[in-house]
>>> print(open('entry02.cif').read())   # mmCIF, C-alpha atoms
data_structure
loop_
_atom_site.label_atom_id
_atom_site.label_comp_id
_atom_site.auth_asym_id
_atom_site.auth_seq_id
_atom_site.Cartn_x
_atom_site.Cartn_y
_atom_site.Cartn_z
CA MET A 1404 0.00 0.00 0.00
CA PHE A 1405 3.01 2.25 0.21
CA ILE A 1406 4.27 1.12 -3.11
CA VAL A 1407 3.45 3.97 -5.39
CA SER A 1408 5.47 2.58 -8.25
CA LEU A 1409 7.88 -0.25 -7.98
CA THR A 1410 11.41 0.50 -9.03
CA THR A 1411 14.46 -1.62 -8.65
CA HIS A 1412 16.05 -1.10 -5.32
CA THR A 1413 19.47 0.34 -5.81
CA LEU A 1414 21.50 0.32 -2.68
CA ASP A 1415 24.59 1.96 -3.99
CA ASP A 1416 24.93 4.85 -1.58
CA THR A 1417 25.98 4.48 2.02
CA THR A 1418 22.58 5.13 3.54
CA GLY A 1419 21.11 2.39 1.43
CA VAL A 1420 23.66 -0.10 2.67
CA GLU A 1421 22.97 0.97 6.22
CA SER A 1422 19.27 0.45 5.85
CA MET A 1423 19.97 -2.93 4.29
CA THR A 1424 21.94 -3.97 7.37
CA ARG A 1425 19.15 -2.85 9.60
CA ILE A 1426 16.57 -4.78 7.67
CA THR A 1427 18.50 -8.02 7.77
CA SER A 1428 19.26 -7.66 11.47
CA ASP A 1429 15.52 -7.85 12.17
CA PRO A 1430 14.33 -10.75 10.06
CA GLU A 1431 10.78 -10.80 11.38
CA SER A 1432 9.79 -7.40 10.16
CA ALA A 1433 12.08 -7.50 7.18
CA GLN A 1434 9.24 -8.17 4.79
CA VAL A 1435 7.15 -5.28 6.06
CA GLN A 1436 10.05 -2.87 6.05
CA ASP A 1437 11.09 -3.92 2.63
CA GLU A 1438 7.71 -3.00 1.22
CA TYR A 1439 7.52 0.08 3.31
CA PHE A 1440 10.76 1.57 2.17
CA GLU A 1441 10.36 0.57 -1.41
CA SER A 1442 8.79 3.80 -2.42
CA ALA A 1443 8.81 5.85 -5.54
CA ASP A 1444 11.79 7.98 -6.01
CA SER A 1445 14.26 7.56 -8.75
CA SER A 1446 17.11 9.44 -7.13
CA ARG A 1447 16.62 8.65 -3.44
CA PRO A 1448 14.92 5.77 -1.65
CA ALA A 1449 11.96 6.77 0.48
CA SER A 1450 13.76 5.47 3.56
CA VAL A 1451 16.17 8.34 3.38
CA LEU A 1452 13.34 10.82 3.16
CA LEU A 1453 11.55 9.17 6.00
CA ARG A 1454 14.68 9.22 8.09
CA GLU A 1455 15.07 12.89 7.43
CA LEU A 1456 11.43 13.37 8.34
CA VAL A 1457 11.78 11.43 11.57
CA ALA A 1458 14.88 13.41 12.49
CA HIS A 1459 12.96 16.61 11.92
CA LEU A 1460 10.09 15.41 14.10
CA ARG A 1461 12.53 14.36 16.84
CA ASP A 1462 14.33 17.71 16.78
CA ASN A 1463 11.13 19.67 17.10
CA ARG A 1464 9.50 17.27 19.51
CA THR A 1465 8.81 19.72 22.32
CA GLN A 1466 7.51 22.48 20.15
CA LEU A 1467 5.31 20.29 17.94
CA ARG A 1468 3.93 18.41 20.88
CA GLU A 1469 2.95 21.62 22.60
CA GLU A 1470 1.40 22.95 19.46
CA TRP A 1471 -0.61 19.77 19.15
CA ALA A 1472 -1.79 19.82 22.79
CA ARG A 1473 -2.76 23.47 22.32
CA ARG A 1474 -4.82 22.66 19.26
CA ILE A 1475 -6.52 19.77 21.03
CA THR A 1476 -7.63 22.10 23.81
CA GLU A 1477 -8.62 24.74 21.29
CA ALA A 1478 -10.79 22.28 19.38
CA LYS A 1479 -12.41 21.32 22.70
CA LEU A 1480 -11.51 17.68 22.24
CA LEU A 1481 -10.89 15.29 25.13
CA THR A 1482 -12.89 17.47 27.51
CA ALA A 1483 -13.15 14.53 29.88
CA MET A 1484 -9.42 14.80 30.60
CA THR A 1485 -7.36 17.42 32.41
CA LYS A 1486 -4.75 19.53 30.66
CA ASP A 1487 -1.88 17.62 32.22
CA GLU A 1488 -3.35 14.32 31.23
CA ILE A 1489 -3.83 15.49 27.67
CA PHE A 1490 -0.22 16.61 27.56
CA ALA A 1491 1.08 13.34 29.00
CA GLU A 1492 -1.06 11.32 26.60
CA ALA A 1493 -0.06 13.57 23.71
CA THR A 1494 3.61 12.94 24.46
CA SER A 1495 3.30 9.19 24.33
CA VAL A 1496 1.07 9.29 21.26
CA TYR A 1497 3.61 11.56 19.58
CA ASP A 1498 6.52 9.24 20.37
CA ASN A 1499 4.62 6.21 19.20
CA TYR A 1500 3.61 8.06 16.07
CA VAL A 1501 7.19 8.98 15.23
CA GLU A 1502 8.33 5.47 16.01
CA ALA A 1503 5.73 3.99 13.70
CA LEU A 1504 6.87 6.40 10.98
CA GLU A 1505 10.46 5.38 11.54
CA THR A 1506 10.12 1.61 11.71
CA GLY A 1507 7.17 1.24 9.37
CA THR A 1508 5.71 -1.42 11.66
CA PHE A 1509 2.39 -0.80 13.26
CA GLU A 1510 2.21 -3.58 15.85
CA ALA A 1511 3.56 -1.42 18.66
CA LEU A 1512 1.25 1.43 17.73
CA GLN A 1513 -1.69 -0.95 17.52
CA ALA A 1514 -0.96 -2.29 20.99
CA TYR A 1515 -0.58 1.23 22.28
CA ALA A 1516 -3.86 2.31 20.68
CA ARG A 1517 -5.65 -0.60 22.29
CA ASN A 1518 -4.14 0.18 25.65
CA LEU A 1519 -4.99 3.87 25.30
CA SER A 1520 -8.58 3.04 24.33
CA GLU A 1521 -8.90 0.77 27.34
CA ARG A 1522 -7.91 3.65 29.58
CA ILE A 1523 -9.94 6.44 28.01
CA ILE A 1524 -13.17 4.69 27.03
CA PRO A 1525 -14.39 4.39 30.64
CA ARG A 1526 -13.86 8.16 30.94
CA GLY A 1527 -16.36 8.81 28.21
CA VAL A 1528 -14.05 9.71 25.33
CA GLU A 1529 -15.92 9.47 22.03
CA THR A 1530 -14.78 8.06 18.71
CA ASP A 1531 -14.89 11.44 16.97
CA GLU A 1532 -12.52 12.85 19.59
CA VAL A 1533 -9.94 10.14 19.06
CA VAL A 1534 -10.12 10.44 15.29
CA GLY A 1535 -10.04 14.21 15.73
CA ILE A 1536 -6.83 14.29 17.75
CA VAL A 1537 -4.98 11.93 15.45
CA LEU A 1538 -5.97 14.02 12.44
CA LEU A 1539 -4.90 17.14 14.31
CA LEU A 1540 -1.47 15.66 14.90
CA ARG A 1541 -1.27 14.81 11.24
CA ASP A 1542 -2.09 18.41 10.36
CA VAL A 1543 0.36 19.86 12.86
CA LEU A 1544 3.18 17.73 11.53
CA ALA A 1545 2.28 18.41 7.90
CA ARG A 1546 2.29 22.11 8.59
CA SER A 1547 5.73 21.96 10.18
CA LEU A 1548 6.93 20.16 7.06
CA PHE A 1549 5.48 22.90 4.87
CA ALA A 1550 7.27 25.48 7.00
CA LYS A 1551 10.56 23.66 6.79
CA TYR A 1552 10.61 22.91 3.09
CA GLN A 1553 8.75 25.88 1.74
CA THR A 1554 11.73 26.96 -0.30
CA ASP A 1555 12.26 23.63 -2.01
CA PHE A 1556 8.98 22.60 -3.54
CA THR A 1557 10.19 19.37 -5.20
CA LYS A 1558 11.64 18.14 -1.97
CA LEU A 1559 8.48 19.04 -0.07
CA ASN A 1560 6.53 16.99 -2.55
CA ARG A 1561 8.75 13.99 -2.08
CA ILE A 1562 8.69 14.30 1.68
CA LEU A 1563 4.90 14.47 1.60
CA ASP A 1564 4.81 11.43 -0.68
CA ALA A 1565 6.62 9.51 2.00
CA TYR A 1566 4.76 11.08 4.90
CA GLU A 1567 1.14 11.02 3.80
CA PRO A 1568 0.53 7.28 3.29
CA ALA A 1569 2.28 6.47 6.55
CA ALA A 1570 0.40 9.16 8.44
CA ASN A 1571 -2.92 8.02 7.00
CA ARG A 1572 -2.22 4.48 7.92
CA ILE A 1573 -1.35 5.54 11.47
CA ALA A 1574 -4.60 7.51 11.78
CA ASN A 1575 -6.42 4.48 10.49
CA THR A 1576 -4.72 2.13 12.92
CA VAL A 1577 -5.52 4.28 15.94
CA ALA A 1578 -9.15 4.85 14.95
CA VAL A 1579 -9.75 1.20 14.15
CA GLY A 1580 -8.08 0.17 17.40
CA PHE A 1581 -10.35 2.48 19.34
CA VAL A 1582 -13.52 1.31 17.64
CA GLN A 1583 -12.56 -2.34 18.04
CA GLU A 1584 -11.94 -1.84 21.73
CA ARG A 1585 -15.31 -0.17 22.10
CA GLU A 1586 -17.04 -2.98 20.27
CA ARG A 1587 -15.30 -5.52 22.44
CA ILE A 1588 -16.56 -3.74 25.57
CA ILE A 1589 -20.08 -3.55 24.17
CA ARG A 1590 -20.04 -7.24 23.32
CA GLU A 1591 -18.84 -8.12 26.80
CA GLN A 1592 -21.52 -6.02 28.42
CA GLN A 1593 -24.25 -7.48 26.24
CA GLU A 1594 -23.11 -10.92 27.19
CA ALA A 1595 -23.11 -10.00 30.88
CA ILE A 1596 -26.59 -8.50 30.67
CA ARG A 1597 -27.85 -11.53 28.85
CA GLU A 1598 -26.53 -13.84 31.52
CA LEU A 1599 -27.79 -11.75 34.39
CA SER A 1600 -31.18 -10.95 33.02
CA THR A 1601 -32.82 -14.34 33.12
CA PRO A 1602 -32.40 -16.22 36.35
CA VAL A 1603 -34.42 -19.39 36.74
CA LEU A 1604 -34.63 -20.06 40.45
CA GLN A 1605 -35.80 -23.05 42.35
CA VAL A 1606 -37.71 -22.05 45.49
CA ARG A 1607 -38.98 -25.45 46.48
CA GLU A 1608 -38.65 -29.00 45.23
CA ARG A 1609 -40.24 -28.97 41.76
CA LEU A 1610 -41.19 -25.29 41.91
CA LEU A 1611 -39.32 -22.70 39.84
CA ILE A 1612 -39.71 -18.97 39.74
CA LEU A 1613 -38.69 -16.80 36.83
CA PRO A 1614 -38.70 -13.12 37.72
CA ILE A 1615 -38.59 -10.94 34.63
CA ILE A 1616 -37.42 -7.35 35.00
CA GLY A 1617 -37.04 -4.71 32.36
CA VAL A 1618 -37.87 -4.54 28.73
CA ILE A 1619 -38.52 -7.74 26.85
CA ASP A 1620 -37.88 -7.85 23.15
CA SER A 1621 -38.34 -10.82 20.88
CA GLN A 1622 -34.78 -12.02 21.28
CA ARG A 1623 -34.89 -11.89 25.05
CA ALA A 1624 -38.31 -13.51 25.13
CA ARG A 1625 -36.97 -16.36 23.06
CA GLN A 1626 -33.96 -16.74 25.27
CA LEU A 1627 -36.14 -16.67 28.38
CA THR A 1628 -38.23 -19.47 26.97
CA GLU A 1629 -35.21 -21.58 26.14
CA GLN A 1630 -33.70 -21.08 29.55
CA LEU A 1631 -36.97 -21.83 31.31
CA LEU A 1632 -37.54 -25.02 29.33
CA ARG A 1633 -34.04 -26.19 30.11
CA GLY A 1634 -34.58 -25.26 33.77
CA ILE A 1635 -37.79 -27.28 33.87
CA ARG A 1636 -35.98 -30.30 32.55
CA THR A 1637 -32.94 -30.11 34.83
CA ASN A 1638 -34.90 -29.30 37.99
CA ARG A 1639 -37.76 -31.64 37.11
CA ALA A 1640 -40.16 -28.81 37.81
CA LYS A 1641 -43.89 -29.31 37.92
CA VAL A 1642 -44.92 -25.73 38.52
CA VAL A 1643 -43.32 -22.51 37.30
CA VAL A 1644 -44.21 -19.03 38.50
CA ILE A 1645 -43.35 -16.33 35.98
CA ASP A 1646 -43.38 -12.96 37.69
CA ILE A 1647 -43.65 -9.98 35.38
CA THR A 1648 -44.14 -7.26 37.99
CA GLY A 1649 -40.95 -5.64 36.73
CA VAL A 1650 -42.11 -5.46 33.13
CA ALA A 1651 -43.68 -2.10 32.38
CA ALA A 1652 -45.05 -2.72 28.93
CA MET A 1653 -45.44 -5.51 26.48
CA ASP A 1654 -46.32 -5.45 22.82
CA ALA A 1655 -48.35 -8.03 20.96
CA THR A 1656 -45.32 -9.97 19.73
CA VAL A 1657 -43.90 -10.35 23.21
CA ALA A 1658 -47.30 -11.21 24.69
CA ASN A 1659 -47.53 -13.97 22.12
CA HIS A 1660 -44.07 -15.14 23.15
CA LEU A 1661 -45.26 -15.33 26.73
CA VAL A 1662 -48.22 -17.44 25.68
CA GLN A 1663 -45.87 -19.66 23.69
CA THR A 1664 -43.66 -20.06 26.75
CA VAL A 1665 -46.68 -21.17 28.75
CA GLU A 1666 -47.64 -23.68 26.09
CA ALA A 1667 -44.13 -25.03 25.62
CA SER A 1668 -43.82 -25.51 29.39
CA ARG A 1669 -47.06 -27.44 29.37
CA LEU A 1670 -45.64 -29.76 26.72
CA LEU A 1671 -42.90 -30.58 29.21
CA GLY A 1672 -45.56 -31.33 31.78
CA ALA A 1673 -45.16 -28.18 33.86
CA THR A 1674 -47.92 -25.80 34.88
CA VAL A 1675 -47.18 -22.11 34.52
CA ILE A 1676 -48.60 -19.42 36.78
CA VAL A 1677 -48.11 -15.86 35.59
CA THR A 1678 -48.11 -13.21 38.30
CA GLY A 1679 -47.89 -9.45 38.50
CA LEU A 1680 -49.58 -8.48 35.26
CA SER A 1681 -49.86 -4.71 35.17
CA PRO A 1682 -53.10 -3.14 33.96
CA GLU A 1683 -51.43 -2.14 30.68
CA ILE A 1684 -50.19 -5.64 30.00
CA ALA A 1685 -53.58 -7.08 30.90
CA GLN A 1686 -55.08 -4.78 28.31
CA THR A 1687 -52.54 -5.83 25.67
CA ILE A 1688 -53.27 -9.47 26.29
CA VAL A 1689 -57.02 -8.92 26.05
CA ASN A 1690 -56.59 -6.84 22.90
CA ILE A 1691 -54.61 -9.47 21.07
CA GLY A 1692 -57.30 -11.97 21.98
CA VAL A 1693 -55.22 -14.57 23.80
CA ASP A 1694 -57.34 -17.31 25.28
CA LEU A 1695 -56.94 -16.58 28.97
CA GLY A 1696 -58.42 -19.93 29.90
CA LYS A 1697 -55.04 -21.51 29.30
CA MET A 1698 -53.14 -18.86 31.22
CA ASN A 1699 -53.08 -19.34 34.92
CA THR A 1700 -52.74 -15.86 36.39
CA VAL A 1701 -52.49 -14.62 39.96
CA GLY A 1702 -52.26 -11.03 41.14
CA ASP A 1703 -48.91 -11.00 42.88
CA LEU A 1704 -45.86 -13.18 43.34
CA GLN A 1705 -46.88 -14.20 46.85
CA GLY A 1706 -50.25 -15.39 45.64
CA GLY A 1707 -48.58 -17.21 42.77
CA ILE A 1708 -46.21 -19.08 45.05
CA GLU A 1709 -49.07 -19.97 47.38
CA GLN A 1710 -51.08 -21.38 44.53
CA ALA A 1711 -48.06 -23.27 43.24
CA GLU A 1712 -47.62 -24.82 46.66
CA ARG A 1713 -51.25 -25.89 46.67
CA LEU A 1714 -50.78 -27.49 43.25
CA LEU A 1715 -47.76 -29.37 44.54
CA GLY A 1716 -49.60 -30.46 47.66
CA TYR A 1717 -47.63 -28.35 50.11
CA LYS A 1718 -49.26 -26.65 53.02
CA VAL A 1719 -47.46 -23.94 54.90
CA VAL A 1720 -48.31 -24.03 58.61
CA PRO A 1721 -46.93 -21.64 61.18
CA LEU A 1722 -44.71 -23.17 63.81
CA VAL A 1723 -46.75 -23.24 66.98
CA GLU A 1724 -44.63 -22.35 69.92
CA THR A 1725 -44.90 -24.86 72.68
CA PRO A 1726 -46.01 -23.29 75.93
CA MET B 228 -39.84 -49.56 12.50
CA GLU B 229 -42.17 -51.24 14.95
CA VAL B 230 -42.75 -49.51 18.27
CA PRO B 231 -42.91 -52.04 21.11
CA LEU B 232 -45.95 -51.79 23.39
CA LEU B 233 -45.24 -52.79 26.96
CA LYS B 234 -47.91 -53.61 29.49
CA GLN B 235 -47.06 -52.36 32.93
CA GLY B 236 -49.82 -53.04 35.42
CA ASP B 237 -52.83 -51.04 34.41
CA PHE B 238 -50.88 -49.04 31.87
CA LEU B 239 -49.61 -49.47 28.38
CA ILE B 240 -46.28 -47.92 27.48
CA ALA B 241 -45.13 -47.14 23.95
CA THR B 242 -41.54 -45.94 23.71
CA ILE B 243 -40.62 -44.39 20.40
CA GLN B 244 -36.95 -45.14 19.87
CA ALA B 245 -36.13 -43.49 16.59
CA ALA B 246 -37.65 -41.15 14.07
CA LEU B 247 -40.80 -42.72 12.67
CA THR B 248 -42.17 -42.54 9.17
CA ASP B 249 -45.77 -41.53 8.66
CA ALA B 250 -46.69 -45.17 8.00
CA ASP B 251 -45.02 -46.23 11.27
CA LEU B 252 -47.03 -43.60 13.13
CA LEU B 253 -50.29 -44.80 11.65
CA HIS B 254 -49.35 -48.35 12.54
CA LEU B 255 -48.59 -47.29 16.10
CA ARG B 256 -51.96 -45.55 16.28
CA THR B 257 -53.83 -48.66 15.18
CA ALA B 258 -51.87 -50.93 17.51
CA LEU B 259 -52.42 -48.69 20.54
CA VAL B 260 -56.12 -48.27 19.96
CA GLN B 261 -56.54 -52.03 19.58
CA GLN B 262 -54.33 -53.08 22.48
CA VAL B 263 -55.69 -50.62 25.00
CA VAL B 264 -58.99 -52.45 25.27
CA ARG B 265 -57.58 -55.93 24.70
CA LEU B 266 -55.18 -55.50 27.61
CA ARG B 267 -57.77 -53.63 29.71
CA SER B 268 -55.37 -50.71 30.23
CA ARG B 269 -56.53 -47.62 32.02
CA GLY B 270 -53.81 -45.41 30.72
CA VAL B 271 -51.40 -45.13 27.81
CA ILE B 272 -48.00 -43.46 27.91
CA VAL B 273 -46.28 -42.48 24.71
CA ASP B 274 -42.61 -41.74 25.38
CA VAL B 275 -41.03 -39.42 22.80
CA THR B 276 -37.77 -38.72 24.65
CA SER B 277 -35.60 -39.80 21.74
CA LEU B 278 -37.41 -37.70 19.15
CA ASP B 279 -35.58 -34.53 18.27
CA VAL B 280 -38.08 -33.47 15.65
CA MET B 281 -41.85 -33.43 15.89
CA ASP B 282 -43.56 -32.50 12.66
CA SER B 283 -47.18 -31.58 12.16
CA PHE B 284 -48.16 -35.08 11.09
CA ALA B 285 -46.62 -36.69 14.16
CA SER B 286 -48.21 -34.14 16.42
CA ARG B 287 -51.62 -34.54 14.80
CA THR B 288 -51.39 -38.32 14.98
CA LEU B 289 -50.50 -38.21 18.67
CA ARG B 290 -53.47 -35.98 19.28
CA GLU B 291 -55.74 -38.36 17.41
CA VAL B 292 -54.34 -41.26 19.42
CA ALA B 293 -55.22 -39.43 22.62
CA GLN B 294 -58.75 -38.66 21.43
CA MET B 295 -59.37 -42.20 20.20
CA ILE B 296 -58.04 -43.72 23.40
CA ARG B 297 -60.27 -41.45 25.42
CA LEU B 298 -63.22 -42.80 23.44
CA ARG B 299 -61.99 -46.31 24.25
CA GLY B 300 -62.13 -45.44 27.94
CA ALA B 301 -58.50 -44.72 28.87
CA GLU B 302 -56.19 -41.76 29.42
CA THR B 303 -53.13 -40.84 27.35
CA VAL B 304 -50.01 -39.00 28.47
CA ILE B 305 -47.26 -37.88 26.13
CA VAL B 306 -43.95 -37.84 28.01
CA GLY B 307 -40.40 -36.75 27.35
CA ILE B 308 -40.82 -33.90 24.89
CA GLN B 309 -37.41 -32.23 24.67
CA PRO B 310 -37.16 -28.48 25.46
CA ASP B 311 -36.05 -27.63 21.92
CA VAL B 312 -38.79 -29.74 20.43
CA ALA B 313 -41.40 -28.09 22.68
CA PHE B 314 -40.20 -24.66 21.64
CA ALA B 315 -40.27 -25.53 17.97
CA MET B 316 -43.71 -27.07 18.32
CA VAL B 317 -45.34 -24.00 19.86
CA GLN B 318 -43.73 -21.84 17.23
CA LEU B 319 -45.30 -23.99 14.55
CA GLY B 320 -48.60 -23.84 16.42
CA LEU B 321 -48.55 -27.55 17.29
CA LYS B 322 -49.84 -27.27 20.81
CA LEU B 323 -51.22 -30.76 21.49
CA GLU B 324 -54.20 -29.13 23.15
CA ASP B 325 -56.31 -31.34 25.41
CA VAL B 326 -53.58 -33.98 25.56
CA SER B 327 -51.89 -34.56 28.91
CA THR B 328 -48.13 -34.19 28.96
CA ALA B 329 -45.48 -35.01 31.54
CA LEU B 330 -41.75 -34.53 31.92
CA ASP B 331 -40.71 -38.18 31.71
CA LEU B 332 -41.93 -41.73 32.11
CA GLU B 333 -41.87 -41.56 35.89
CA GLU B 334 -43.96 -38.41 35.93
CA GLY B 335 -46.34 -39.87 33.39
CA LEU B 336 -46.90 -42.97 35.52
CA ALA B 337 -47.48 -40.78 38.59
CA HIS B 338 -49.96 -38.68 36.65
CA LEU B 339 -51.91 -41.71 35.45
CA SER B 340 -51.91 -43.32 38.90
CA ARG B 341 -53.46 -40.18 40.37
CA LYS B 342 -56.13 -40.17 37.69
CA SER B 343 -57.02 -43.82 38.06
CA THR B 344 -57.30 -43.65 41.86
CA ASN B 345 -59.66 -40.77 41.36
CA ARG B 346 -61.78 -42.91 39.11
CA VAL B 347 -62.06 -45.89 41.42
#
>>> encode(input="entry02.cif", output="structure tokens")
Amino acid sequence: MFIVSLTTHTLDDTTGVESMTRITSDPESAQVQDEYFESADSSRPASVLLRELVAHLRDNRTQLREEWARRITEAKLLTAMTKDEIFAEATSVYDNYVEALETGTFEALQAYARNLSERIIPRGVETDEVVGIVLLLRDVLARSLFAKYQTDFTKLNRILDAYEPAANRIANTVAVGFVQERERIIREQQEAIRELSTPVLQVRERLLILPIIGVIDSQRARQLTEQLLRGIRTNRAKVVVIDITGVAAMDATVANHLVQTVEASRLLGATVIVTGLSPEIAQTIVNIGVDLGKMNTVGDLQGGIEQAERLLGYKVVPLVETP
Amino acid sequence: MEVPLLKQGDFLIATIQAALTDADLLHLRTALVQQVVRLRSRGVIVDVTSLDVMDSFASRTLREVAQMIRLRGAETVIVGIQPDVAFAMVQLGLKLEDVSTALDLEEGLAHLSRKSTNRV
């Protein structure tokens, strides 16, 4: 992707030989570097230009870094972080950036981007901010190059030829790293919610309760059903109390799912008692015309458990204290 | 494949051991309806534990078996429907209405025993 036009690699000057030695001394990244440095320039290999570029960025490190931090604050990016933190972060991003430019390998930068994302995502940093700061750095550096080479236009062009693809790829790497990290966190959280949201609890021998809290969508309803059916089988349940006190609203699809759950449980030989139907849900169920004869409903969870105990032949008697 | 019918006290047990063709199902239906009176059974248990698919024909046939056996003076319980099968069945609208179901053979026997003591 950095190969603008492939020319034969002539390593006749001293710098070329040097870079050759460096490449061979690191066999693992040799392939990457080879491609990276093999850039279009008939008179000088891109590696030389890049080296010059890196030297320039190193020399002006303090000034460029400050300029960058200033522009970040000016653009009101990273507002979740303090000025000192921004500066500290900017320093390490800058160094990693220059290093990536120098070596042409992006593994270290990728790892750094992931690590950085891990630290700043919990603080509420948004994707546009991260992309914004990397692009700002790119602009700051490009501008310093313009300032340095403004007298020699051909050279500026060649320097930019070497700089731009690398800089774009760095911006890409950081942004992708950030987004991937975010997606990973979202996936993890979804998984955690999914696991937490549907407990099937045994309260007595052969009696399960399934408290449902929150919004039910089709996917969750389906998952609830599957978990309940599995629970019925493993616990050999005869009666199940589904408590939907914590469900505020229910649409027709989900109400139908609930009815399906009741029917599927019956196929496994378990009776279902639904408790805690809110007035709104009662209305939904009547509106969609579900046959309520098949649904065993009780007002609250306590009543439901009491009825379940009756069905199972239990009788709860208070302990009489002996005089 | 023939489904063996086992007499166990007052009950008749049919354990389906592998997926059945439609012809096998019809054969099972005939055999059950005949045997239930011949053996003076009060209840019939059809065990479908090993079935991992229940299509509309199988479900309809089982329902017919239950209705016919009721007319012949006995009770039917379908036992051992797998969770996945149950879920698929209700989604297809195969609800086996007015047929008794139980978790497994043991539960089915307990269910029938309760019913028959009620009757005596």
>>> residues_around(input="entry02.cif", residues="range 228-244 of chain B", least_positions_apart="5", cutoff="9 Å", atoms="all atoms listed in the file", output="ChimeraX atom specification")
/B:251-252,254-255,258-259,262-263,266-278,332,336,339-340
>>> residues_around(input="entry02.cif", residues="range 1635-1644 of chain A", least_positions_apart="6", cutoff="8 Å", atoms="all atoms listed in the file", output="list in words")
Gln1605, Glu1608, Arg1609, Leu1610, Leu1611, Ile1612, Leu1613, Ser1668, Leu1671, Gly1672, Ala1673, Thr1674, Val1675, Ile1676, Val1677, Thr1678, Leu1704, Gly1707, Ile1708, Ala1711, Leu1714 and Leu1715 of chain A; Pro310 and Leu330 of chain B
>>> interface_residues(input="entry02.cif", of="chain A", to="chain B", cutoff="7 Å", atoms="all atoms listed in the file", output="MDAnalysis selection string")
chainID A and resid 1632:1633 1663 1666:1667 1669:1672
>>> atom_distance(input="entry02.cif", atom1="CA of Ser283 in chain B", atom2="CA of Leu319 in chain B")
8.2 Å
>>> atom_distance(input="entry02.cif", atom1="CA of Val1577 in chain A", atom2="CA of Phe1509 in chain A")
9.8 Å
